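Engineer: Sharing a structure, written as structure tokens. Questions coming.
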Amino acid sequence: RALYTCTDMLAAFTFAAALLHTSGTARVARCCPPAAAVLPATEYMLRQLQPAQSIGLLAAWEKASRDLRAAGFRGPQDEAIGERALKLKQLAETLPRVKSTAMILGLCEKGSLSFETLEEPHKSQAETLSRTSLRAAISAGRGSAIAFVSQWEDHVSIDAVVVNPQYLELGEAAEAVLLADIAQRARAAGVADVRLHPAYQADGAAFYERCGFFAAAGGAE
């Protein structure tokens with residue numbers, strides 16, 4: 001698996017577009033983005049979510065993704081066609097997994113479970129889970145996004161991002177705002193290295209480039 005590390009704003013952007021058309025685990029590091037990449041945050045409620053708060057929302061998004069695919073309904077603006085139909089497919093596959101992760105985090109937070117005693121498939125991710133919090137960009141009717149973010153000694157890792165499947169295009173805007181917010185918070189805390197596990201994007205690598213995420217050439221994970 002390719003390893004992506006942060007270089008600088010003029011780094012060669014050699015990201016293989018095919019990697020962004022999967023739910024892959026490639027890591028992209030974020031350098032300081034161009035100002036145009038930061039959208040008006042006032043359109044969204046940017047906040048940290050407690051795991052218990054996220055479960056209902058993730059469950060609703062999971063159901064919406066299934067219903068949209070099963071009924072062939074293309075969303076408010078007929079969005080789920082072409083590349084965004086593939087985005088909806090990925091969301092339908094990803095949302096059950098991240099909802100399960102949120103449930104594990106909630107149970108550990110309550111003391112009903114312990115990170116040290118988790119069983120597979122969560123056991124191998126126990127350390128990451130113990131470092132994970134949820135950040136969200138929430139709006140009414142303008143798209144929303146939730147990110148699972150783990151904090152490490154030398155970097156911040158955005159391990160997953162999902163959006164409201166009923167507003168795919170607007171969800172992209174919400175995701176861009178959320179990525180900027182996470183990176184800005186990391187820099188404010190003195191952490192320059194912010195990494196991202198990319199999801200499928202209709203615009204491929206160009207989406208992350210607009211958000212200020214660049215891939216370093218070479219390396220393997």
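Residue names in the structure tokens use chain letters A, B, ... in the order shown, residue numbers from 1 in each chain, and ligand numbers from 1 in the order shown.
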Mind dumping a table of every range 75-143 of chain A residue within 6 Å of range 43-52 of chain A, with the nearest atom pair and its distance in Å to one decimal, using only C-alpha atoms, sorted by chain and rising number, as JSON lines?

Structural biologist:
{"residue": "A:Ala102", "atom": "CA", "partner": "A:Pro51", "partner_atom": "CA", "distance": 5.2}
{"residue": "A:Gly106", "atom": "CA", "partner": "A:Pro51", "partner_atom": "CA", "distance": 4.9}
{"residue": "A:Leu134", "atom": "CA", "partner": "A:Leu49", "partner_atom": "CA", "distance": 5.3}
{"residue": "A:Arg135", "atom": "CA", "partner": "A:Gln48", "partner_atom": "CA", "distance": 4.5}
{"residue": "A:Ala136", "atom": "CA", "partner": "A:Arg47", "partner_atom": "CA", "distance": 5.5}
{"residue": "A:Ala137", "atom": "CA", "partner": "A:Leu46", "partner_atom": "CA", "distance": 4.6}
{"residue": "A:Ile138", "atom": "CA", "partner": "A:Met45", "partner_atom": "CA", "distance": 5.0}
{"residue": "A:Ser139", "atom": "CA", "partner": "A:Tyr44", "partner_atom": "CA", "distance": 5.0}

Engineer: Can you pull out every residue from range 51-140 of chain A that DSSP, working from the backbone, puts in alpha helix (DSSP H), and format the result as a count of residues only?

Structural biologist: 54

Engineer: May I ask which of the residues A:Gly190, A:Ser150, A:Ser144, A:Gln166 is the closest one to Lys63 in chain A, counting only C-alpha atoms?

Structural biologist: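 Among the listed residues, the smallest separation from Lys63 in chain A belongs to A:Gln166.
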
Engineer: Quick one: distance from CA of Ala92 in chain A to CA of Val194 in chain A in Å, one decimal?

Structural biologist: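 Spanning CA of Ala92 in chain A to CA of Val194 in chain A is a straight-line distance of 26.4 Å.
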
Engineer: What are the DSSP strand (DSSP E or B) residues of range 101-174 of chain A, as a list in words?

Structural biologist: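 Across range 101-174 of chain A, those assigned strand (DSSP E or B) are Thr132, Ser133, Leu134, Arg135, Ala136, Ala137, Ile138, Ala145, Ile146, Ala147, Phe148, Val149, Ser150, Gln151, Val156, Ser157, Ile158, Asp159, Ala160, Val161, Val162 and Val163 of chain A.
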
Engineer: List the spatial neighbours of range 55-61 of chain A as a list in words - criterion: any atom at most 6 Å away, only C-alpha atoms, same-chain residues fewer than 3 positions off excluded.

Structural biologist: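 Neighbouring residues, sequence-local ones excluded: Ala52, Ala64, Lys99 and Asn164 of chain A.
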
Engineer: Could you write out that same residue set with C-alpha atoms as a PDB file, in the first residue's frame?

Structural biologist:
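Result file is result.pdb:
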ATOM      1  CA  ALA A  52     -23.405   8.191  21.271  1.00  0.00           C
ATOM      2  CA  ALA A  64     -30.871   6.482   3.428  1.00  0.00           C
ATOM      3  CA  LYS A  99     -21.454   3.084  12.673  1.00  0.00           C
ATOM      4  CA  ASN A 164     -25.096  12.544   4.154  1.00  0.00           C
TER       5      ASN A 164
END
